[in-house]
file entry-v9.txt (compact mmCIF, C-alpha atoms)
# COMPACT_ATOMS: atom_id res chain seq x y z
CA MET A 1 212.22 38.03 -11.79
CA THR A 2 211.23 34.37 -11.27
CA TYR A 3 210.20 34.71 -7.61
CA HIS A 4 206.42 34.37 -7.06
CA PRO A 5 205.48 36.39 -3.97
CA LYS A 6 202.81 35.46 -1.43
CA SER A 7 202.43 38.94 0.13
CA ASP A 8 200.41 41.76 -1.47
CA PHE A 9 203.23 44.24 -0.94
CA MET A 10 205.91 42.18 -2.69
CA ARG A 11 203.50 41.39 -5.52
CA VAL A 12 202.85 45.11 -6.06
CA MET A 13 206.57 45.88 -5.98
CA ILE A 14 207.34 43.29 -8.66
CA GLU A 15 204.30 43.81 -10.92
CA ARG A 16 204.47 47.60 -10.99
CA GLY A 17 208.24 47.86 -11.56
CA PHE A 18 209.41 49.12 -8.15
CA LEU A 19 211.89 46.34 -7.48
CA ALA A 20 215.57 46.47 -8.44
CA ASP A 21 217.00 44.12 -5.79
CA CYS A 22 216.27 42.55 -2.42
CA THR A 23 218.63 41.00 0.13
CA ASP A 24 216.33 38.02 0.85
CA TYR A 25 213.09 37.76 -1.15
CA GLN A 26 211.72 34.67 0.52
CA ASN A 27 212.21 35.53 4.19
CA LEU A 28 211.04 39.13 3.74
CA ASP A 29 207.97 37.83 1.88
CA GLU A 30 207.25 35.38 4.73
CA ALA A 31 207.54 38.20 7.29
CA LEU A 32 205.09 40.32 5.24
CA VAL A 33 202.58 37.45 5.21
CA ASN A 34 202.92 36.76 8.95
CA GLY A 35 202.28 40.22 10.47
CA VAL A 36 202.65 43.99 10.25
CA VAL A 37 206.14 44.81 8.96
CA PRO A 38 207.61 48.24 9.74
CA GLY A 39 209.81 49.55 6.89
CA TYR A 40 211.67 52.83 6.49
CA ILE A 41 213.29 55.23 4.08
CA GLY A 42 215.64 58.00 5.20
CA PHE A 43 215.42 61.47 3.69
CA ASP A 44 218.15 64.03 4.31
CA ALA A 45 216.88 67.58 4.75
CA THR A 46 219.03 69.30 2.12
CA ALA A 47 216.12 71.42 0.75
CA LYS A 48 212.68 72.64 1.88
CA SER A 49 210.94 70.11 -0.35
CA LEU A 50 211.58 66.75 -1.96
CA HIS A 51 211.35 66.56 -5.74
CA VAL A 52 209.91 64.09 -8.23
CA GLY A 53 213.12 62.00 -8.02
CA SER A 54 212.01 60.92 -4.49
CA LEU A 55 208.46 60.07 -5.57
CA ILE A 56 209.20 56.42 -6.37
CA GLN A 57 210.33 55.90 -2.73
CA ILE A 58 207.33 57.82 -1.36
CA MET A 59 205.01 55.59 -3.42
CA MET A 60 206.78 52.50 -2.03
CA LEU A 61 205.96 53.66 1.51
CA ARG A 62 202.38 54.44 0.45
CA TRP A 63 201.95 50.91 -0.96
CA LEU A 64 203.52 49.47 2.21
CA GLN A 65 200.77 51.14 4.26
CA LYS A 66 198.02 50.30 1.75
CA THR A 67 198.95 46.61 2.00
CA GLY A 68 198.68 46.67 5.81
CA HIS A 69 202.24 47.43 6.92
CA GLN A 70 203.89 50.32 8.77
CA PRO A 71 205.80 53.03 6.87
CA ILE A 72 208.48 54.98 8.74
CA THR A 73 209.75 58.24 7.28
CA LEU A 74 213.12 58.98 8.84
CA MET A 75 214.14 62.62 8.66
CA GLY A 76 217.91 63.04 8.59
CA GLY A 77 218.20 65.77 11.21
CA GLY A 78 221.49 64.18 12.26
CA THR A 79 222.88 62.78 8.98
CA THR A 80 222.19 66.02 7.06
CA LYS A 81 224.90 67.58 9.25
CA VAL A 82 227.35 65.21 7.51
CA GLY A 83 225.97 64.81 3.96
CA ASP A 84 225.68 61.63 1.89
CA PRO A 85 228.69 61.33 -0.45
CA SER A 86 227.11 58.53 -2.54
CA PHE A 87 227.87 59.09 -6.23
CA ARG A 88 228.51 62.81 -5.71
CA ALA A 89 231.40 64.60 -7.35
CA ASP A 90 231.78 67.13 -4.53
CA GLU A 91 231.05 67.70 -0.85
CA ARG A 92 227.58 69.01 0.05
CA PRO A 93 227.52 72.48 1.62
CA LEU A 94 227.06 72.15 5.39
CA LEU A 95 223.76 73.47 6.74
CA THR A 96 223.06 74.99 10.16
CA ALA A 97 220.73 73.26 12.64
CA ASP A 98 218.08 75.96 11.99
CA GLN A 99 218.27 75.46 8.21
CA ILE A 100 217.89 71.70 8.69
CA ASP A 101 214.84 72.12 10.98
CA ASP A 102 213.31 74.54 8.49
CA ASN A 103 213.82 72.06 5.65
CA ILE A 104 212.32 69.20 7.70
CA SER A 105 209.12 71.18 8.35
CA GLY A 106 208.83 71.77 4.57
CA ILE A 107 209.36 68.08 3.74
CA LYS A 108 206.77 66.99 6.33
CA GLN A 109 204.07 68.71 4.24
CA VAL A 110 204.77 66.26 1.40
CA PHE A 111 204.39 63.11 3.47
CA ALA A 112 201.14 64.25 5.07
CA LYS A 113 199.53 63.87 1.62
CA TYR A 114 200.78 60.34 0.92
CA LEU A 115 200.73 58.59 4.30
CA ASP A 116 198.26 58.30 7.18
CA TYR A 117 199.91 59.42 10.43
CA ASP A 118 196.61 59.79 12.33
CA THR A 119 195.10 56.31 12.16
CA ASP A 120 194.79 54.18 15.31
CA ALA A 121 195.60 51.06 13.29
CA PRO A 122 198.83 49.13 13.94
CA ASN A 123 200.14 50.29 10.55
CA LYS A 124 200.02 53.98 11.50
CA ALA A 125 202.81 55.86 9.71
CA LEU A 126 205.64 57.18 11.89
CA MET A 127 207.79 60.23 11.24
CA LEU A 128 211.07 60.10 13.13
CA ASN A 129 214.25 62.17 13.20
CA ASN A 130 217.66 60.50 13.50
CA ALA A 131 218.95 63.50 15.47
CA GLU A 132 217.07 61.79 18.33
CA TRP A 133 219.87 59.20 18.64
CA LEU A 134 222.73 60.71 16.63
CA ASP A 135 222.99 64.12 18.31
CA GLY A 136 223.76 62.68 21.74
CA LEU A 137 226.37 60.11 20.68
CA ASN A 138 229.58 59.95 22.66
CA TYR A 139 232.35 59.80 20.06
CA LEU A 140 234.66 57.37 21.87
CA GLU A 141 231.84 55.04 22.86
CA PHE A 142 230.49 55.09 19.29
CA LEU A 143 233.92 54.25 17.86
CA ARG A 144 234.36 51.39 20.32
CA ASP A 145 230.81 49.94 20.11
CA ILE A 146 229.95 50.57 16.46
CA GLY A 147 233.09 51.61 14.56
CA ARG A 148 234.90 48.34 15.35
CA HIS A 149 232.36 46.44 13.17
CA PHE A 150 233.39 48.30 9.99
CA SER A 151 236.29 47.31 7.77
CA VAL A 152 237.89 50.31 6.06
CA ASN A 153 239.01 47.98 3.23
CA ARG A 154 235.37 47.02 2.64
CA MET A 155 234.12 50.62 2.90
CA LEU A 156 236.68 51.67 0.27
CA SER A 157 235.40 48.95 -2.07
CA PHE A 158 231.83 50.36 -2.21
CA GLU A 159 231.08 51.78 -5.65
CA SER A 160 229.82 55.08 -4.21
CA VAL A 161 233.20 55.70 -2.52
CA LYS A 162 235.33 54.09 -5.23
CA SER A 163 233.90 56.25 -8.02
CA ARG A 164 234.81 59.41 -6.06
CA LEU A 165 238.35 58.22 -5.31
CA ASP A 166 238.92 56.93 -8.86
CA ARG A 167 238.27 60.45 -10.14
CA GLU A 168 240.82 61.68 -7.56
CA GLN A 169 238.16 63.86 -5.95
CA SER A 170 238.54 64.55 -2.26
CA LEU A 171 236.35 62.57 0.14
CA SER A 172 236.39 64.15 3.59
CA PHE A 173 236.58 62.05 6.77
CA LEU A 174 233.23 63.62 7.71
CA GLU A 175 231.55 62.22 4.58
CA PHE A 176 233.33 58.87 4.94
CA ASN A 177 231.50 58.47 8.27
CA TYR A 178 228.09 58.86 6.61
CA MET A 179 227.69 55.17 5.77
CA ILE A 180 228.43 54.24 9.40
CA LEU A 181 225.74 56.66 10.62
CA GLN A 182 223.19 55.33 8.12
CA ALA A 183 223.95 51.76 9.18
CA TYR A 184 223.51 52.85 12.81
CA ASP A 185 220.09 54.34 11.93
CA PHE A 186 218.89 50.92 10.76
CA LEU A 187 220.19 49.28 13.94
CA GLU A 188 218.43 51.87 16.14
CA LEU A 189 215.15 51.63 14.19
CA ASN A 190 215.18 47.86 14.57
CA ARG A 191 216.02 48.11 18.28
CA ARG A 192 213.46 50.84 19.07
CA TYR A 193 210.61 50.21 16.60
CA GLY A 194 211.08 46.65 15.32
CA CYS A 195 211.83 48.01 11.84
CA LEU A 196 212.51 45.06 9.52
CA VAL A 197 213.26 46.56 6.12
CA GLN A 198 214.98 49.58 4.60
CA PHE A 199 214.00 50.84 1.15
CA GLY A 200 216.03 53.08 -1.10
CA GLY A 201 217.24 53.70 -4.63
CA SER A 202 219.71 51.16 -5.98
CA ASP A 203 222.54 53.64 -5.28
CA GLN A 204 221.87 53.02 -1.56
CA TRP A 205 222.52 49.25 -1.75
CA GLY A 206 225.93 49.43 -0.04
CA ASN A 207 224.60 51.63 2.79
CA ILE A 208 221.62 49.31 3.33
CA VAL A 209 223.77 46.15 3.41
CA ASN A 210 226.03 47.84 5.99
CA GLY A 211 223.01 48.39 8.27
CA ILE A 212 221.88 44.77 7.92
CA ASP A 213 225.38 43.52 8.72
CA LEU A 214 225.78 45.86 11.71
CA THR A 215 222.40 44.85 13.20
CA ARG A 216 223.28 41.16 12.90
CA ARG A 217 226.67 41.72 14.58
CA VAL A 218 225.42 43.94 17.44
CA ILE A 219 222.02 42.46 18.38
CA ASP A 220 221.85 39.34 16.17
CA ASN A 221 218.58 40.32 14.44
CA GLN A 222 217.74 39.57 10.82
CA ILE A 223 216.58 42.56 8.78
CA TYR A 224 216.19 43.21 5.06
CA GLY A 225 216.88 45.64 2.25
CA LEU A 226 214.85 46.33 -0.88
CA THR A 227 215.91 48.79 -3.58
CA SER A 228 214.14 50.48 -6.47
CA PRO A 229 215.70 51.20 -9.88
CA LEU A 230 217.32 54.61 -10.39
CA LEU A 231 214.86 56.07 -12.85
CA THR A 232 215.72 57.91 -15.99
CA THR A 233 213.25 58.94 -18.66
CA SER A 234 213.33 57.08 -21.99
CA ASP A 235 215.46 59.89 -23.45
CA GLY A 236 218.09 59.35 -20.73
CA LYS A 237 217.30 62.32 -18.47
CA LYS A 238 217.42 61.98 -14.69
CA MET A 239 213.93 61.74 -13.20
CA GLY A 240 212.86 64.86 -11.35
CA LYS A 241 214.57 67.45 -13.52
CA SER A 242 212.94 69.63 -16.15
CA GLN A 243 214.20 72.42 -18.43
CA ASP A 244 213.80 74.95 -15.64
CA GLY A 245 215.16 72.97 -12.70
CA ALA A 246 213.93 70.45 -10.11
CA VAL A 247 210.26 69.44 -10.11
CA TRP A 248 209.51 70.07 -6.41
CA LEU A 249 206.59 68.40 -4.61
CA ASN A 250 205.66 71.42 -2.44
CA ALA A 251 203.15 73.79 -4.05
CA ASP A 252 205.03 76.90 -2.89
CA MET A 253 208.14 75.77 -4.79
CA ARG A 254 206.48 74.41 -7.94
CA SER A 255 202.85 75.36 -8.70
CA PRO A 256 200.31 72.53 -9.15
CA TYR A 257 199.82 73.69 -12.75
CA GLU A 258 203.57 73.40 -13.53
CA PHE A 259 203.65 70.03 -11.72
CA TRP A 260 200.66 68.82 -13.78
CA GLN A 261 202.33 70.08 -16.96
CA PHE A 262 205.53 68.14 -16.18
CA TRP A 263 203.55 64.87 -16.22
CA ARG A 264 201.46 65.91 -19.25
CA ASN A 265 204.74 66.37 -21.15
CA THR A 266 205.87 62.76 -20.48
CA THR A 267 207.33 61.13 -23.59
CA ASP A 268 205.10 58.48 -25.18
CA ALA A 269 207.47 55.61 -24.31
CA ASP A 270 207.31 56.39 -20.56
CA VAL A 271 203.53 56.67 -20.09
CA GLY A 272 202.76 53.03 -19.22
CA ARG A 273 205.75 52.70 -16.86
CA PHE A 274 204.96 55.99 -15.08
CA LEU A 275 201.29 55.06 -14.65
CA LYS A 276 202.36 51.86 -12.85
CA LEU A 277 204.89 53.63 -10.60
CA TYR A 278 203.25 56.96 -9.82
CA THR A 279 199.48 56.22 -9.81
CA GLU A 280 197.25 53.65 -8.18
CA LEU A 281 195.28 52.79 -11.31
CA PRO A 282 194.82 49.01 -11.80
CA LEU A 283 197.69 47.32 -13.59
CA GLU A 284 195.57 46.33 -16.61
CA GLU A 285 194.44 49.94 -17.06
CA CYS A 286 198.06 51.18 -16.89
CA GLU A 287 199.01 48.70 -19.59
CA ARG A 288 196.01 49.59 -21.77
CA LEU A 289 196.72 53.33 -21.54
CA GLY A 290 200.45 52.87 -22.08
CA ALA A 291 199.78 50.91 -25.29
CA LEU A 292 197.72 53.70 -26.91
CA ALA A 293 199.21 55.25 -30.01
CA GLY A 294 198.86 58.38 -32.12
CA SER A 295 196.81 61.21 -30.64
CA GLU A 296 195.17 58.81 -28.14
CA ILE A 297 198.37 58.64 -26.08
CA ASN A 298 197.73 62.31 -25.17
CA ASP A 299 194.55 61.22 -23.37
CA ALA A 300 196.68 58.76 -21.36
CA LYS A 301 199.12 61.57 -20.50
CA ILE A 302 196.25 63.73 -19.19
CA ILE A 303 195.09 60.80 -17.01
CA LEU A 304 198.68 60.36 -15.75
CA ALA A 305 198.97 64.10 -14.96
CA ASN A 306 195.59 64.14 -13.19
CA GLU A 307 196.27 61.03 -11.10
CA VAL A 308 199.77 62.10 -9.95
CA THR A 309 198.67 65.70 -9.25
CA THR A 310 195.62 64.47 -7.29
CA LEU A 311 197.89 62.43 -4.99
CA CYS A 312 200.35 65.30 -4.48
CA HIS A 313 198.11 68.40 -4.49
CA GLY A 314 194.49 67.16 -4.31
CA ALA A 315 191.71 66.59 -6.85
CA GLU A 316 190.73 70.27 -7.05
CA ALA A 317 194.26 71.36 -7.99
CA ALA A 318 194.45 68.62 -10.64
CA ALA A 319 191.08 69.65 -12.15
CA ALA A 320 192.11 73.34 -12.14
CA ALA A 321 195.41 72.51 -13.85
CA GLU A 322 193.68 70.49 -16.57
CA GLN A 323 191.16 73.30 -17.11
CA THR A 324 193.96 75.88 -17.39
CA ALA A 325 195.83 73.68 -19.87
CA ARG A 326 192.70 73.35 -22.02
CA GLU A 327 192.15 77.11 -21.98
CA VAL A 328 195.78 77.85 -22.83
CA PHE A 329 196.31 75.21 -25.49
CA GLU A 330 192.93 74.54 -27.01
CA LYS A 331 191.34 77.97 -26.88
CA GLY A 332 194.47 80.11 -27.00
CA GLY A 333 193.24 81.88 -23.88
CA VAL A 334 194.67 82.70 -20.49
CA GLY A 335 194.11 80.17 -17.69
CA ASP A 336 193.50 81.19 -14.08
CA ASP A 337 196.03 78.70 -12.77
CA LEU A 338 199.12 79.74 -14.77
CA PRO A 339 202.27 80.73 -12.83
CA THR A 340 201.80 84.47 -12.28
CA LEU A 341 204.26 87.32 -11.78
CA GLU A 342 202.64 90.34 -10.10
CA LEU A 343 204.46 93.67 -10.36
CA SER A 344 203.76 96.91 -8.51
CA ARG A 345 203.75 100.25 -10.35
CA GLU A 346 206.92 101.15 -8.40
CA GLU A 347 208.72 98.05 -9.75
CA ILE A 348 207.67 98.85 -13.30
CA GLY A 349 208.62 102.54 -13.03
CA ASP A 350 209.12 103.98 -16.51
CA GLY A 351 209.00 100.49 -17.98
CA ILE A 352 210.38 96.97 -17.71
CA SER A 353 212.09 95.06 -20.52
CA ILE A 354 210.70 91.90 -22.08
CA VAL A 355 214.00 90.16 -21.20
CA GLN A 356 213.52 90.94 -17.48
CA LEU A 357 209.90 89.77 -17.62
CA ILE A 358 210.87 86.44 -19.19
CA VAL A 359 213.50 85.87 -16.47
CA ARG A 360 211.35 87.04 -13.54
CA SER A 361 208.37 84.93 -14.63
CA GLY A 362 210.61 81.83 -14.50
CA LEU A 363 210.64 81.10 -18.24
CA ALA A 364 214.41 81.63 -18.49
CA LYS A 365 217.22 81.33 -15.94
CA SER A 366 219.12 84.45 -17.00
CA GLY A 367 219.03 87.45 -19.31
CA LYS A 368 221.35 85.58 -21.64
CA ASP A 369 218.91 82.61 -21.80
CA ALA A 370 215.98 84.99 -22.41
CA LYS A 371 217.81 86.72 -25.29
CA ARG A 372 218.67 83.35 -26.82
CA LEU A 373 215.01 82.29 -26.53
CA ILE A 374 213.95 85.44 -28.40
CA ALA A 375 216.69 85.03 -31.04
CA GLU A 376 215.58 81.44 -31.68
CA ASN A 377 211.92 82.56 -32.09
CA GLY A 378 210.89 80.61 -28.97
CA ALA A 379 209.36 83.55 -27.05
CA LYS A 380 205.78 84.76 -27.44
CA MET A 381 203.73 87.52 -25.85
CA ASP A 382 199.96 86.97 -25.96
CA ASP A 383 200.62 84.22 -28.54
CA ALA A 384 202.45 86.61 -30.90
CA PRO A 385 206.17 86.01 -31.58
CA VAL A 386 208.61 88.31 -29.75
CA SER A 387 211.30 89.33 -32.25
CA GLU A 388 213.05 92.19 -30.41
CA THR A 389 215.02 92.06 -27.13
CA GLY A 390 214.55 95.81 -26.70
CA ILE A 391 210.77 95.74 -26.10
CA VAL A 392 209.79 97.64 -22.92
CA LEU A 393 206.36 97.42 -21.24
CA ASP A 394 204.99 100.18 -19.01
CA ALA A 395 202.21 100.01 -16.38
CA ALA A 396 199.54 100.78 -19.00
CA ALA A 397 200.64 97.80 -21.12
CA LEU A 398 200.27 95.54 -18.08
CA ALA A 399 196.83 96.88 -17.05
CA SER A 400 195.44 93.63 -18.52
CA PRO A 401 197.35 90.40 -17.80
CA VAL A 402 200.01 89.58 -20.41
CA LYS A 403 200.69 85.94 -21.29
CA LEU A 404 204.33 85.04 -21.95
CA SER A 405 205.32 81.74 -23.55
CA ALA A 406 208.62 79.88 -23.93
CA GLY A 407 208.13 77.31 -26.67
CA LYS A 408 204.79 75.53 -26.95
CA LYS A 409 204.51 74.13 -23.44
CA ARG A 410 205.69 76.71 -20.89
CA HIS A 411 203.60 79.77 -20.08
CA ALA A 412 203.30 82.45 -17.39
CA LEU A 413 201.17 85.50 -16.71
CA VAL A 414 202.47 88.97 -15.91
CA LYS A 415 200.07 91.43 -14.36
CA LEU A 416 199.84 94.62 -12.35
CA ALA A 417 199.47 94.05 -8.59
CA ASP A 418 196.16 95.30 -7.15
call {"tool": "encode", "arguments": {"input": "entry-v9.txt", "output": "structure tokens"}}
result
Amino acid sequence: MTYHPKSDFMRVMIERGFLADCTDYQNLDEALVNGVVPGYIGFDATAKSLHVGSLIQIMMLRWLQKTGHQPITLMGGGTTKVGDPSFRADERPLLTADQIDDNISGIKQVFAKYLDYDTDAPNKALMLNNAEWLDGLNYLEFLRDIGRHFSVNRMLSFESVKSRLDREQSLSFLEFNYMILQAYDFLELNRRYGCLVQFGGSDQWGNIVNGIDLTRRVIDNQIYGLTSPLLTTSDGKKMGKSQDGAVWLNADMRSPYEFWQFWRNTTDADVGRFLKLYTELPLEECERLGALAGSEINDAKIILANEVTTLCHGAEAAAAAEQTAREVFEKGGVGDDLPTLELSREEIGDGISIVQLIVRSGLAKSGKDAKRLIAENGAKMDDAPVSETGIVLDAAALASPVKLSAGKKRHALVKLAD
């Protein structure tokens, strides 16, 4: 990157590693210097929470607001009814309107922690829903006014569509319309709110360029696109996934302790990069911590885990998670903040097997996985190896909390409900 930015926002994007590509560096930079720039990211409501894979975009919006500009979070109440086909091998299951609304209310909880929606300043964050303009569209009018600006030849050439067709996987007409709807979102946001820039992962480049082109053709306004790299960890894994599934940002779907632990388990090679992207520590400090070696890099990982968890769940939750980790790992004890499975005496009955407990506490996905864990000597109960799959615990055995472990890093408590 040889471009030297004048605006604080563009400087942060480049220095901290957020920038993959931009449609027009210079003119966007000038706009950012000359006034408050509204910028948006769209989030489809396919689940009740976003996961760590969306955190790079959320941090981009947070930096946009911190540098004096206006972040817009666009909820896909309309587009979720269609489903984004970009780089997917199959069609998304269609959700009902109630499921979509339910998911949106869950996702809103995430943004409330990262952005200020209550300020009176001109850079107050906005949360909008594209159902506002998509739900009422007249199909024939939309085809005539908007559809005529799209070349099917060009749409078929986009990598996200091409990759699906090259594999001879079906792409429904419904999904094919998604890129037109996303382009229309950008046009409407520019028309209604003066939105000048759309952010997204680099897989959204084609959709973003479509919106810029459409807005120029329909209302002759110049707008911009800026994408972030699609992050993988240094060992090639997709960001946001862990051994036991997605790392959700809502506390009711992934406990603050498990969230903290995900970041504490970052591989050494990723620490410096993740500090720059996911925390607000000064750049020099991120570089210093990322360069630590040997056992000292573990101190940097604890700082990373604390900083990211503080942003997502608050300082108290981060401190509690660190304390629990110290108790579990350094003292061999049982931390208060561990994921906990509470069982009633009725559920336990005459006894419950160790295999069921491992599955129900979230340490294995299935009985088969739990049995494999035991066979490979990866399961422990109260820090003692579990060697038999036939172990059964009754209510008396669970009168005091029992700590279960899968490997060295994943733990849960099982206890009798009061």
call {"tool": "residues_around", "arguments": {"input": "entry-v9.txt", "residues": "region 292-298 of chain A", "least_positions_apart": "3", "cutoff": "12 Å", "atoms": "all atoms listed in the file", "output": "list in words"}}
result
Trp263, Arg264, Asn265, Thr266, Thr267, Asp268, Ala269, Asp270, Val271, Gly272, Glu285, Cys286, Glu287, Arg288, Leu289, Lys301, Ile302, Ile303, Leu304 and Ala305 of chain A
call {"tool": "closest_residue", "arguments": {"input": "entry-v9.txt", "among": "A:Asn210, A:Ser228, A:Gln356, A:Asn221", "to": "Arg16 (chain A)", "atoms": "only C-alpha atoms"}}
result
A:Ser228
call {"tool": "closest_residue", "arguments": {"input": "entry-v9.txt", "among": "A:Val308, A:Leu95, A:Leu338, A:Ile41", "to": "Gln204 (chain A)", "atoms": "only C-alpha atoms"}}
result
A:Ile41
call {"tool": "closest_residue", "arguments": {"input": "entry-v9.txt", "among": "A:Gly349, A:Gly106, A:Gly211, A:Pro385", "to": "Leu416 (chain A)", "atoms": "only C-alpha atoms"}}
result
A:Gly349
call {"tool": "residues_near_point", "arguments": {"input": "entry-v9.txt", "point": "(198.1, 50.2, -2.6)", "cutoff": "10 Å", "atoms": "only C-alpha atoms", "output": "PDB file with C-alpha atoms, in the frame of the given file"}}
result
ATOM      1  CA  ASP A   8     200.410  41.760  -1.470  1.00  0.00           C
ATOM      2  CA  PHE A   9     203.230  44.240  -0.940  1.00  0.00           C
ATOM      3  CA  VAL A  12     202.850  45.110  -6.060  1.00  0.00           C
ATOM      4  CA  MET A  59     205.010  55.590  -3.420  1.00  0.00           C
ATOM      5  CA  MET A  60     206.780  52.500  -2.030  1.00  0.00           C
ATOM      6  CA  LEU A  61     205.960  53.660   1.510  1.00  0.00           C
ATOM      7  CA  ARG A  62     202.380  54.440   0.450  1.00  0.00           C
ATOM      8  CA  TRP A  63     201.950  50.910  -0.960  1.00  0.00           C
ATOM      9  CA  LEU A  64     203.520  49.470   2.210  1.00  0.00           C
ATOM     10  CA  GLN A  65     200.770  51.140   4.260  1.00  0.00           C
ATOM     11  CA  LYS A  66     198.020  50.300   1.750  1.00  0.00           C
ATOM     12  CA  THR A  67     198.950  46.610   2.000  1.00  0.00           C
ATOM     13  CA  GLY A  68     198.680  46.670   5.810  1.00  0.00           C
ATOM     14  CA  THR A 279     199.480  56.220  -9.810  1.00  0.00           C
ATOM     15  CA  GLU A 280     197.250  53.650  -8.180  1.00  0.00           C
ATOM     16  CA  LEU A 281     195.280  52.790 -11.310  1.00  0.00           C
ATOM     17  CA  PRO A 282     194.820  49.010 -11.800  1.00  0.00           C
TER      18      PRO A 282
END
call {"tool": "residues_around", "arguments": {"input": "entry-v9.txt", "residues": "Ala370 (chain A)", "least_positions_apart": "2", "cutoff": "10 Å", "atoms": "all atoms listed in the file", "output": "JSON, numbers by chain"}}
result
{"A": [354, 355, 356, 357, 358, 359, 363, 364, 365, 366, 367, 368, 372, 373, 374, 375, 376, 378, 379, 389, 406]}
call {"tool": "atom_distance", "arguments": {"input": "entry-v9.txt", "atom1": "CA of Thr340 (chain A)", "atom2": "CA of Ala412 (chain A)"}}
result
5.7 Å
call {"tool": "atom_distance", "arguments": {"input": "entry-v9.txt", "atom1": "CA of Ile107 (chain A)", "atom2": "CA of Met75 (chain A)"}}
result
8.8 Å
call {"tool": "closest_residue", "arguments": {"input": "entry-v9.txt", "among": "A:Ile14, A:Leu156, A:Leu187, A:Ala246", "to": "Arg216 (chain A)", "atoms": "all atoms listed in the file"}}
result
A:Leu187
call {"tool": "atom_distance", "arguments": {"input": "entry-v9.txt", "atom1": "CA of Gly206 (chain A)", "atom2": "CA of Tyr278 (chain A)"}}
result
25.8 Å
call {"tool": "closest_residue", "arguments": {"input": "entry-v9.txt", "among": "A:Ser400, A:Asn250, A:Gln70, A:Ser157", "to": "Tyr117 (chain A)", "atoms": "only C-alpha atoms"}}
result
A:Gln70
call {"tool": "residues_around", "arguments": {"input": "entry-v9.txt", "residues": "Leu94 (chain A)", "least_positions_apart": "3", "cutoff": "12 Å", "atoms": "all atoms listed in the file", "output": "number ranges by chain"}}
result
A: 45-47, 78-84, 91, 97-100, 174-175
call {"tool": "closest_residue", "arguments": {"input": "entry-v9.txt", "among": "A:Ala319, A:Met253, A:Leu393, A:Leu226", "to": "Asp350 (chain A)", "atoms": "all atoms listed in the file"}}
result
A:Leu393
call {"tool": "residues_around", "arguments": {"input": "entry-v9.txt", "residues": "Pro5 (chain A)", "least_positions_apart": "6", "cutoff": "9 Å", "atoms": "all atoms listed in the file", "output": "PyMOL selection string"}}
result
chain A and resi 11+14+25-26+29-30
call {"tool": "residues_around", "arguments": {"input": "entry-v9.txt", "residues": "Arg191 (chain A)", "least_positions_apart": "6", "cutoff": "10 Å", "atoms": "only C-alpha atoms", "output": "list of chain:residue names"}}
result
A:Asp185, A:Thr215, A:Ile219, A:Asn221
call {"tool": "write_last_selection", "arguments": {"input": "entry-v9.txt", "atoms": "C-alpha atoms", "output": "mmCIF file, in the coordinates of the input"}}
result
data_model
loop_
_atom_site.group_PDB
_atom_site.id
_atom_site.type_symbol
_atom_site.label_atom_id
_atom_site.label_comp_id
_atom_site.auth_asym_id
_atom_site.auth_seq_id
_atom_site.Cartn_x
_atom_site.Cartn_y
_atom_site.Cartn_z
ATOM 1 C CA ASP A 185 220.090 54.340 11.930
ATOM 2 C CA THR A 215 222.400 44.850 13.200
ATOM 3 C CA ILE A 219 222.020 42.460 18.380
ATOM 4 C CA ASN A 221 218.580 40.320 14.440
#
call {"tool": "axis_aligned_box", "arguments": {"input": "entry-v9.txt", "around": "region 297-314 of chain A", "padding_each_side": "8 Å", "output": "JSON"}}
result
{"center_x": 197.4, "center_y": 63.5, "center_z": -15.2, "size_x": 21.9, "size_y": 25.8, "size_z": 37.8}
